[in-house]
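Contents: one structure, followed by commentary.
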Protein chains: 2
Amino acid sequence: MKRTDTLKQAAEKQGKPSNFIIFNQNNLTYLTNFSGATALLIPENGECILYVSGVNFEQAKTEAKGLRVELLKRGENLMEKIAKQAPAKKFGVDALPIESWRTLSRAVGGEEKLEPINNLIRDRRSVKDNEEIKLIREACRLATVGMQKAKEIIGVGVKEKDAAAEIEYAMRKAGSDGTAFETIVASGATSAYPHGSNLERTICDGDFVIVDLGATYKFYRSDITRTFIASKATYHQAIIYDTVKLAHEKALEAIKPQVAASEVDRIARCVIEEAGFGEFFVHNLGHGVGLEVHEAPILSPDSKDALALGNVVTDEPGIYVPGLGGVRIEDTVLVTKNGAEILTAGPCLP
Amino acid sequence: MKRTDTLKQAAEKQGKPSNFIIFNQNNLTYLTNFSGATALLIPENGECILYVSGVNFEQAKTEAKGLRVELLKRGENLMEKIAKQAPAKKFGVDALPIESWRTLSRAVGGEEKLEPINNLIRDRRSVKDNEEIKLIREACRLATVGMQKAKEIIGVGVKEKDAAAEIEYAMRKAGSDGTAFETIVASGATSAYPHGSNLERTICDGDFVIVDLGATYKFYRSDITRTFIASKATYHQAIIYDTVKLAHEKALEAIKPQVAASEVDRIARCVIEEAGFGEFFVHNLGHGVGLEVHEAPILSPDSKDALALGNVVTDEPGIYVPGLGGVRIEDTVLVTKNGAEILTAGPCLP
């Protein structure tokens with residue numbers, strides 16, 4: 001079934017409008033398999049209309065299938081054009097900034113004709129279909145190629161930025177369409193910042209080195225982190241590392257359909273708290289991965305999400321000790337019928 | 001003068017609110033030189049407050065200067081926290097999606113207390129200060145390193161994706177923090193799509209090959225395009241190429257402060273129209289470049305922008321003939337006192 005049809009079904013179940021106007025780039029790619037449109041009109045009945053400006057029009061005519069592709073001419077008012085072509089009672093609209101929301105409201109004849117339905121698409125996108133899983137699987141394979149390269153080269157005297165260069169090159173040569181996000185190579189004290197990566201530093205003896213990377217394959221992404229220890233771990237470092245590894249394993253064991261995402265986070269967090277590092281686990285356990293590297297569901301203490309068959313999520317506990325450094329171990333994981341499958345395992349297990 | 005202060009000055013001149021709440025990631029980086037905050041409160045008087053969640057808090061405390069860094073605790077309501085700390089009459093707010101806008105409206109006690117001021121920051125950001133120009137200059141230098149590599153390797157039998165790998169590797173090794181956008185290597189018929197880049201194709205004899213790339217340096221970006229002809233150009237291809245080159249040159253000559261951006265677009269467009277290819281120039285002439293690869297000002301037929309000293313813009317005419325292929329020549333250009341300086345020229349002139 002087409003993704004636009006399953007969206008309509010989901011809307012009907014929740015008593016939401018059955019006509020939609022979509023603007024978000026990732027939602028557009030999700031619903032049409034084409035990247036580069038400006039908007040999509042999904043009417044309750046009849047053909048969907050994809051609005052594309054001149055720059056991408058020829059490409060859309062060739063590549064966008066099963067819908068009408070309409071040229072958005074220079075100077076044409078998109079909102080008025082949509083309103084004219086879709087005189088429906090009420091529209092579900094995904095994320096729009098306030099100025100555009102107001103323009104669209106005027107065009108359709110009042111704000112009461114619009115209803116934000118971003119969460120509806122968020123939830124649809126969190127459950128991956130077979131085609132999506134195939135692409136994410138390939139993005140994950142490419143990420144493990146990058147991590148394998150990291151494993152080979154990370155060591156004392158290597159510059160963070162040079163390591164990033166080799167990692168990205170290896171993924172590209174293996175078939176990656178590009179990075180899923182900015183590659184993080186954070187060594188020494190900088191590894192105590194979860195997103196720290198100045199890339200100018202040279203790795204020193206005794207450093208923790210966090211490598212967090214992802215590949216993109218046909219718009220789908222992957223996410224993996226490993227932490228290396230340059231030369232030999234101290235006793236204290238080994239305890240931190242083993243604690244994170246145990247938290248990662250325990251969370252993995254807990255992942256299955258219908259479990260509360262907050263419960264999986266709690267299980268990992270307990271391991272870290274019991275080891276005395278609770279205050280240093282400063283982020284959520286994980287997040288969904290798909291067209292975006294951060295999407296639903298969220299695995300955090302205050303998450304309202306429940307896991308479902310077909311979710312693709314990260315399991316990424318971490319301990320960050322200011323001044324000393326940090327450890328994070330992360331895999332991208334598919335929620336299966338009875339549990340979880342690591343998609344980023346490959347040859348580089350933690 | 002601090003960027004938050006010049007923003008206040010600009011707001012005062014336009015009769016806009018003098019208290020601000022900023023949410024957009026690029027605006028936050030622009031105003032604080034720190035990437036990774038959740039929001040910024042700029043009060044009319046007194047200290048700015050940067051709201052940062054646990055994951056980036058330690059890093060913000062070290063790296064964000066000249067403002068108060070406040071931890072956004074788990075479960076804390078950001079909008080209510082801001083509203084409590086800033087009981088001002090009215091706030092200027094940059095881009096917020098409609099749901100968040102409504103939440104903030106409730107928190108501050110009514111939508112009438114908020115005013116969208118994204119255009120104000122858009123205009124501020126379009127005029128680069130010396131520090132920004134220095135960083136963009138370096139990002140542009142790195143882009144020319146990538147293009148030099150492209151020039152060396154593009155040829156019959158080379159796979160698009162392998163060319164992209166070599167280009168990105170060369171930029172990384174030269175010091176790039178990453179690509180400014182997805183590298184485009186589009187050959188043959190695919191080059192007729194301005195954003196076409198399937199990267200799976202192998203370059204064939206007689207192809208146009210569009211290479212569009214950029215580097216990032218300390219958050220600032222660059223953008224350059226060259227079109228290569230695999231082996232030898234036909235007479236028809238040479239005419240298309242020379243027309244685009246002339247349009248690029250004529251536009252460049254026209255760029256200087258106070259000229260209407262639409263006029264620069266018109267000059268390039270005229271060259272292409274007079275050569276009989278008008279219908280195939282399917283996009284704008286250019287756009288601003290800075291923290292984002294597409295920002296203000298816009299060089300298009302319907303642009304309301306006027307160029308100003310300190311703008312950094314692209315000059316990128318193109319001709320795209322469906323089925324045959326396309327040509328685009330693009331440089332990132334600094335608007336100087338009396339004209340324009342190409343920042344992406346280096347060793348790879350078109």
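Numbering starts fresh at 1 for the residues of each chain in the structure tokens, the chains themselves are lettered A, B, ... in the order given, and ligands are numbered from 1 as they appear.
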
(request) Do me a favour and pick out the residues of chain B within 7 Å of chain A, using only C-alpha atoms, as a PyMOL selection string. (result) chain B and resi 54-56+58-59+75+95-98+101+162+165+169+172-173+178+182+193-195+282-283+302

Write out, as a short mmCIF file (atom, residue, chain, number, x, y, z; two decimals), in the first residue's frame, the residues just selected, with C-alpha atoms.
data_model
loop_
_atom_site.label_atom_id
_atom_site.label_comp_id
_atom_site.auth_asym_id
_atom_site.auth_seq_id
_atom_site.Cartn_x
_atom_site.Cartn_y
_atom_site.Cartn_z
CA GLY B 54 22.52 18.27 29.71
CA VAL B 55 24.12 16.72 26.67
CA ASN B 56 25.94 19.94 25.71
CA GLU B 58 29.64 21.15 30.07
CA GLN B 59 30.82 22.11 26.59
CA GLY B 75 11.43 17.38 32.07
CA ALA B 95 11.39 30.86 13.06
CA LEU B 96 9.29 28.50 15.18
CA PRO B 97 7.03 25.76 13.89
CA ILE B 98 3.36 26.37 14.60
CA TRP B 101 4.73 28.94 18.58
CA ASP B 162 34.49 7.59 -6.83
CA ALA B 165 35.11 10.26 -2.70
CA TYR B 169 39.02 13.30 0.82
CA ARG B 172 39.29 16.86 4.41
CA LYS B 173 43.05 16.38 4.20
CA GLY B 178 33.14 18.41 6.24
CA GLU B 182 25.96 16.83 -0.69
CA TYR B 193 19.02 18.15 -13.69
CA PRO B 194 20.53 21.00 -11.65
CA HIS B 195 20.46 18.88 -8.48
CA VAL B 282 15.66 27.07 -14.81
CA HIS B 283 16.91 28.51 -11.54
CA ASP B 302 11.70 38.57 -8.33
#

(message) Run DSSP on the backbone and tell me which residues of stretch 68-298 of chain A come out as alpha helix (DSSP H); list them as a VMD selection string.
(response) chain A and resid 78 to 85 98 to 108 118 to 126 130 to 153 160 to 174 235 to 254 261 to 274

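Reported to one decimal place, the separation of atom CA of B:Glu70 from atom CA of B:Asn130 is 29.5 Å.
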
(message) Give me, as a PyMOL selection string, all polymer residues having an atom no more than 8 Å from stretch 262-268 of chain B, counting only C-alpha atoms and skipping those fewer than 6 positions away in the same chain.
(response) chain B and resi 247-248+250-251+254-255+284-286+299-305+317

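Within 8 Å of A:Ser18, once only C-alpha atoms are used and residues closer than 2 positions along the same chain are dropped, the contacting residues are Lys8, Ala11, Glu12, Lys16, Phe20, Pro43, Glu44, Lys90, Phe91 and Gly92 of chain A.
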
Keeping only N, CA, C and O atoms, write the selected residues as a compact mmCIF listing (two decimals), in the first residue's frame.
# COMPACT_ATOMS: atom_id res chain seq x y z
N LYS A 8 -3.44 8.29 5.34
CA LYS A 8 -4.88 8.59 5.41
C LYS A 8 -5.60 7.67 6.38
O LYS A 8 -6.44 8.11 7.17
N ALA A 11 -4.86 8.66 9.88
CA ALA A 11 -5.57 9.90 10.21
C ALA A 11 -7.03 9.61 10.55
O ALA A 11 -7.59 10.16 11.51
N GLU A 12 -7.61 8.73 9.76
CA GLU A 12 -9.03 8.40 9.97
C GLU A 12 -9.24 7.79 11.35
O GLU A 12 -10.17 8.17 12.07
N LYS A 16 -8.54 12.64 12.51
CA LYS A 16 -7.84 13.80 11.94
C LYS A 16 -8.37 14.05 10.53
O LYS A 16 -9.02 13.20 9.93
N PHE A 20 -4.35 16.42 3.12
CA PHE A 20 -3.08 16.85 3.72
C PHE A 20 -2.32 17.78 2.80
O PHE A 20 -2.37 17.64 1.58
N PRO A 43 -5.16 14.74 -1.47
CA PRO A 43 -6.59 14.91 -1.27
C PRO A 43 -7.22 13.62 -0.75
O PRO A 43 -6.66 12.54 -0.93
N GLU A 44 -8.37 13.75 -0.13
CA GLU A 44 -9.07 12.57 0.41
C GLU A 44 -9.29 11.57 -0.73
O GLU A 44 -9.05 10.38 -0.57
N LYS A 90 -11.08 20.78 5.54
CA LYS A 90 -10.00 20.92 6.52
C LYS A 90 -8.77 20.13 6.09
O LYS A 90 -8.88 19.04 5.56
N PHE A 91 -7.60 20.72 6.35
CA PHE A 91 -6.33 20.09 5.96
C PHE A 91 -5.49 19.75 7.18
O PHE A 91 -5.36 20.56 8.09
N GLY A 92 -4.88 18.59 7.13
CA GLY A 92 -3.78 18.30 8.05
C GLY A 92 -2.50 18.84 7.44
O GLY A 92 -2.24 18.62 6.27

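Separating atom CA of A:Asp242 from atom CA of A:Ser222 is a distance of 24.2 Å.
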
(message) Just checking: using only C-alpha atoms, which residue out of B:Ile240, B:Ala215, B:Ile184, B:Ala64 ends up closest to B:Glu138?
(response) B:Ala215

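All residues of protein, DNA or RNA that reach within 9 Å of B:Thr202, judged by only C-alpha atoms and not counting those fewer than 3 positions away in the chain, are Val156, Gly157, Val158, Lys159, Glu160, Lys161, Ser187 and Leu199 of chain B.
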
Next, the residues of the selection above should be written as a CSV table (one decimal), in the first residue's frame with all heavy atoms.
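Just written: selection34.csv:
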chain,number,residue,atom,x,y,z
B,156,VAL,N,36.6,10.1,-18.8
B,156,VAL,CA,35.8,8.9,-19.3
B,156,VAL,C,36.2,7.7,-18.5
B,156,VAL,O,37.4,7.4,-18.2
B,156,VAL,CB,36.1,8.6,-20.8
B,156,VAL,CG1,35.4,7.4,-21.3
B,156,VAL,CG2,35.6,9.8,-21.6
B,157,GLY,N,35.2,6.9,-18.0
B,157,GLY,CA,35.5,5.7,-17.3
B,157,GLY,C,35.5,5.8,-15.8
B,157,GLY,O,35.5,4.8,-15.1
B,158,VAL,N,35.4,7.1,-15.3
B,158,VAL,CA,35.4,7.3,-13.9
B,158,VAL,C,34.0,7.3,-13.3
B,158,VAL,O,33.1,7.8,-14.0
B,158,VAL,CB,36.1,8.7,-13.5
B,158,VAL,CG1,35.9,9.0,-12.1
B,158,VAL,CG2,37.5,8.7,-14.0
B,159,LYS,N,33.8,6.6,-12.2
B,159,LYS,CA,32.5,6.5,-11.6
B,159,LYS,C,32.2,7.8,-10.8
B,159,LYS,O,33.1,8.3,-10.1
B,159,LYS,CB,32.4,5.3,-10.7
B,159,LYS,CG,31.0,4.9,-10.3
B,159,LYS,CD,31.0,3.6,-9.5
B,159,LYS,CE,29.7,3.4,-8.9
B,159,LYS,NZ,29.6,2.2,-8.0
B,160,GLU,N,31.0,8.4,-11.0
B,160,GLU,CA,30.7,9.6,-10.3
B,160,GLU,C,31.0,9.5,-8.8
B,160,GLU,O,31.6,10.4,-8.2
B,160,GLU,CB,29.2,9.9,-10.4
B,160,GLU,CG,28.8,10.3,-11.8
B,160,GLU,CD,27.3,10.5,-12.0
B,160,GLU,OE1,26.5,10.2,-11.1
B,160,GLU,OE2,26.9,11.0,-13.1
B,161,LYS,N,30.6,8.4,-8.2
B,161,LYS,CA,30.7,8.3,-6.7
B,161,LYS,C,32.2,8.2,-6.3
B,161,LYS,O,32.6,8.7,-5.2
B,161,LYS,CB,30.0,7.0,-6.2
B,161,LYS,CG,29.7,7.0,-4.8
B,161,LYS,CD,28.8,5.8,-4.4
B,161,LYS,CE,27.3,6.2,-4.2
B,161,LYS,NZ,26.5,5.1,-3.8
B,187,SER,N,26.8,13.5,-14.5
B,187,SER,CA,27.3,13.4,-15.8
B,187,SER,C,26.3,13.0,-16.8
B,187,SER,O,25.2,12.4,-16.5
B,187,SER,CB,28.5,12.3,-15.8
B,187,SER,OG,27.9,11.1,-15.5
B,199,LEU,N,25.2,9.4,-8.7
B,199,LEU,CA,26.5,9.0,-8.2
B,199,LEU,C,26.8,7.5,-8.6
B,199,LEU,O,27.9,7.1,-8.3
B,199,LEU,CB,26.7,9.2,-6.7
B,199,LEU,CG,26.7,10.6,-6.2
B,199,LEU,CD1,26.7,10.7,-4.7
B,199,LEU,CD2,27.8,11.4,-6.8

(request) Write out as JSON, numbers by chain all residues of stretch 95-341 of chain B that backbone DSSP assigns to strand (DSSP E or B). (result) {"B": [97, 114, 115, 116, 159, 178, 179, 184, 185, 186, 187, 202, 208, 209, 210, 211, 212, 213, 215, 216, 217, 220, 221, 224, 225, 226, 227, 228, 229, 260, 286, 287, 288, 295, 296, 297, 298, 299, 306, 312, 313, 314, 315, 318, 319, 320, 321, 325, 326, 327, 328, 330, 331, 332, 333, 334, 335, 340, 341]}

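Proximity ranking of A:Ala230, A:Ala139, A:Ile224, A:Leu324 relative to A:Glu152 places A:Ala230 first, based on only C-alpha atoms.
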
If we count only C-alpha atoms, what is near A:Leu334 at a cut-off of 8 Å, once residues fewer than 4 positions away on the same chain are taken out, given as a PDB file with all heavy atoms, in the first residue's frame?
ATOM      1  N   GLY A 310       9.516  -2.964  13.687  1.00  0.00           N
ATOM      2  CA  GLY A 310       9.855  -2.117  12.545  1.00  0.00           C
ATOM      3  C   GLY A 310      10.483  -0.787  12.939  1.00  0.00           C
ATOM      4  O   GLY A 310      10.938  -0.044  12.075  1.00  0.00           O
ATOM      5  N   ASN A 311      10.505  -0.489  14.237  1.00  0.00           N
ATOM      6  CA  ASN A 311      11.298   0.685  14.672  1.00  0.00           C
ATOM      7  C   ASN A 311      12.769   0.411  14.403  1.00  0.00           C
ATOM      8  O   ASN A 311      13.217  -0.733  14.512  1.00  0.00           O
ATOM      9  CB  ASN A 311      11.160   0.919  16.190  1.00  0.00           C
ATOM     10  CG  ASN A 311       9.857   1.555  16.616  1.00  0.00           C
ATOM     11  OD1 ASN A 311       9.501   1.489  17.775  1.00  0.00           O
ATOM     12  ND2 ASN A 311       9.143   2.170  15.699  1.00  0.00           N
ATOM     13  N   VAL A 312      13.496   1.461  14.057  1.00  0.00           N
ATOM     14  CA  VAL A 312      14.962   1.379  14.012  1.00  0.00           C
ATOM     15  C   VAL A 312      15.463   2.441  14.979  1.00  0.00           C
ATOM     16  O   VAL A 312      15.159   3.627  14.815  1.00  0.00           O
ATOM     17  CB  VAL A 312      15.502   1.630  12.595  1.00  0.00           C
ATOM     18  CG1 VAL A 312      17.025   1.687  12.617  1.00  0.00           C
ATOM     19  CG2 VAL A 312      15.033   0.541  11.645  1.00  0.00           C
ATOM     20  N   VAL A 313      16.171   2.004  16.014  1.00  0.00           N
ATOM     21  CA  VAL A 313      16.563   2.918  17.084  1.00  0.00           C
ATOM     22  C   VAL A 313      18.034   2.739  17.437  1.00  0.00           C
ATOM     23  O   VAL A 313      18.627   1.704  17.139  1.00  0.00           O
ATOM     24  CB  VAL A 313      15.713   2.689  18.361  1.00  0.00           C
ATOM     25  CG1 VAL A 313      14.238   2.929  18.094  1.00  0.00           C
ATOM     26  CG2 VAL A 313      15.932   1.283  18.927  1.00  0.00           C
ATOM     27  N   ALA A 340      15.530  -7.708  19.228  1.00  0.00           N
ATOM     28  CA  ALA A 340      16.243  -6.668  18.489  1.00  0.00           C
ATOM     29  C   ALA A 340      17.369  -7.282  17.673  1.00  0.00           C
ATOM     30  O   ALA A 340      17.961  -8.284  18.071  1.00  0.00           O
ATOM     31  CB  ALA A 340      16.810  -5.644  19.464  1.00  0.00           C
ATOM     32  N   GLU A 341      17.642  -6.664  16.535  1.00  0.00           N
ATOM     33  CA  GLU A 341      18.766  -7.087  15.702  1.00  0.00           C
ATOM     34  C   GLU A 341      19.704  -5.893  15.533  1.00  0.00           C
ATOM     35  O   GLU A 341      19.277  -4.820  15.082  1.00  0.00           O
ATOM     36  CB  GLU A 341      18.252  -7.538  14.326  1.00  0.00           C
ATOM     37  CG  GLU A 341      19.380  -7.946  13.392  1.00  0.00           C
ATOM     38  CD  GLU A 341      18.919  -8.118  11.936  1.00  0.00           C
ATOM     39  OE1 GLU A 341      17.697  -8.143  11.686  1.00  0.00           O
ATOM     40  OE2 GLU A 341      19.807  -8.185  11.069  1.00  0.00           O
ATOM     41  N   ILE A 342      20.963  -6.077  15.882  1.00  0.00           N
ATOM     42  CA  ILE A 342      21.942  -5.002  15.677  1.00  0.00           C
ATOM     43  C   ILE A 342      22.256  -4.906  14.192  1.00  0.00           C
ATOM     44  O   ILE A 342      22.668  -5.894  13.579  1.00  0.00           O
ATOM     45  CB  ILE A 342      23.241  -5.270  16.464  1.00  0.00           C
ATOM     46  CG1 ILE A 342      22.944  -5.338  17.969  1.00  0.00           C
ATOM     47  CG2 ILE A 342      24.263  -4.170  16.185  1.00  0.00           C
ATOM     48  CD1 ILE A 342      24.199  -5.513  18.816  1.00  0.00           C
ATOM     49  N   LEU A 343      22.054  -3.725  13.605  1.00  0.00           N
ATOM     50  CA  LEU A 343      22.329  -3.545  12.173  1.00  0.00           C
ATOM     51  C   LEU A 343      23.753  -3.046  11.932  1.00  0.00           C
ATOM     52  O   LEU A 343      24.230  -3.074  10.813  1.00  0.00           O
ATOM     53  CB  LEU A 343      21.337  -2.555  11.563  1.00  0.00           C
ATOM     54  CG  LEU A 343      19.843  -2.910  11.668  1.00  0.00           C
ATOM     55  CD1 LEU A 343      18.993  -1.834  11.008  1.00  0.00           C
ATOM     56  CD2 LEU A 343      19.546  -4.262  11.048  1.00  0.00           C
TER      57      LEU A 343
END

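Straight-line separation from atom CA of A:Phe23 to atom CA of B:Ala296: 20.7 Å.
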
(message) List the spatial neighbours of B:Ala308 as a ChimeraX atom specification - criterion: any atom at most 9 Å away, only C-alpha atoms, same-chain residues fewer than 3 positions off excluded.
(response) /B:126-127,256-259,311,335-337

Would you mind exporting N, CA, C and O atoms of the selected residues as a PDB file, in the first residue's frame?
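For reference, selection-v9.pdb as written:
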ATOM      1  N   SER B 126      23.084  38.429   6.419  1.00  0.00           N
ATOM      2  CA  SER B 126      23.497  38.535   5.014  1.00  0.00           C
ATOM      3  C   SER B 126      24.718  39.438   4.844  1.00  0.00           C
ATOM      4  O   SER B 126      25.415  39.360   3.838  1.00  0.00           O
ATOM      5  N   VAL B 127      24.951  40.304   5.822  1.00  0.00           N
ATOM      6  CA  VAL B 127      26.136  41.180   5.766  1.00  0.00           C
ATOM      7  C   VAL B 127      27.198  40.605   6.700  1.00  0.00           C
ATOM      8  O   VAL B 127      27.034  40.607   7.921  1.00  0.00           O
ATOM      9  N   LYS B 256      28.024  44.809  -7.221  1.00  0.00           N
ATOM     10  CA  LYS B 256      28.629  45.823  -6.350  1.00  0.00           C
ATOM     11  C   LYS B 256      27.559  46.313  -5.370  1.00  0.00           C
ATOM     12  O   LYS B 256      26.366  46.034  -5.555  1.00  0.00           O
ATOM     13  N   PRO B 257      27.956  47.026  -4.334  1.00  0.00           N
ATOM     14  CA  PRO B 257      26.970  47.463  -3.347  1.00  0.00           C
ATOM     15  C   PRO B 257      25.862  48.310  -3.987  1.00  0.00           C
ATOM     16  O   PRO B 257      26.113  49.051  -4.941  1.00  0.00           O
ATOM     17  N   GLN B 258      24.672  48.176  -3.444  1.00  0.00           N
ATOM     18  CA  GLN B 258      23.478  48.961  -3.810  1.00  0.00           C
ATOM     19  C   GLN B 258      22.818  48.573  -5.125  1.00  0.00           C
ATOM     20  O   GLN B 258      21.742  49.091  -5.450  1.00  0.00           O
ATOM     21  N   VAL B 259      23.435  47.678  -5.888  1.00  0.00           N
ATOM     22  CA  VAL B 259      22.753  47.184  -7.096  1.00  0.00           C
ATOM     23  C   VAL B 259      21.631  46.233  -6.677  1.00  0.00           C
ATOM     24  O   VAL B 259      21.793  45.453  -5.734  1.00  0.00           O
ATOM     25  N   ASN B 311      28.188  41.338   1.685  1.00  0.00           N
ATOM     26  CA  ASN B 311      27.427  40.159   1.240  1.00  0.00           C
ATOM     27  C   ASN B 311      28.401  39.139   0.664  1.00  0.00           C
ATOM     28  O   ASN B 311      29.407  39.520   0.043  1.00  0.00           O
ATOM     29  N   VAL B 335      31.055  40.757  -1.950  1.00  0.00           N
ATOM     30  CA  VAL B 335      30.740  42.101  -2.435  1.00  0.00           C
ATOM     31  C   VAL B 335      31.657  43.091  -1.717  1.00  0.00           C
ATOM     32  O   VAL B 335      31.623  43.207  -0.488  1.00  0.00           O
ATOM     33  N   THR B 336      32.497  43.746  -2.499  1.00  0.00           N
ATOM     34  CA  THR B 336      33.486  44.683  -1.948  1.00  0.00           C
ATOM     35  C   THR B 336      33.008  46.121  -2.171  1.00  0.00           C
ATOM     36  O   THR B 336      31.920  46.354  -2.690  1.00  0.00           O
ATOM     37  N   LYS B 337      33.865  47.065  -1.795  1.00  0.00           N
ATOM     38  CA  LYS B 337      33.465  48.474  -1.858  1.00  0.00           C
ATOM     39  C   LYS B 337      33.071  48.882  -3.284  1.00  0.00           C
ATOM     40  O   LYS B 337      32.071  49.562  -3.490  1.00  0.00           O
TER      41      LYS B 337
END

(message) From the options B:Arg141, B:Lys2, B:Lys113, B:Lys73, which residue's atoms come nearest to B:Pro87, counting only C-alpha atoms?
(response) B:Lys113
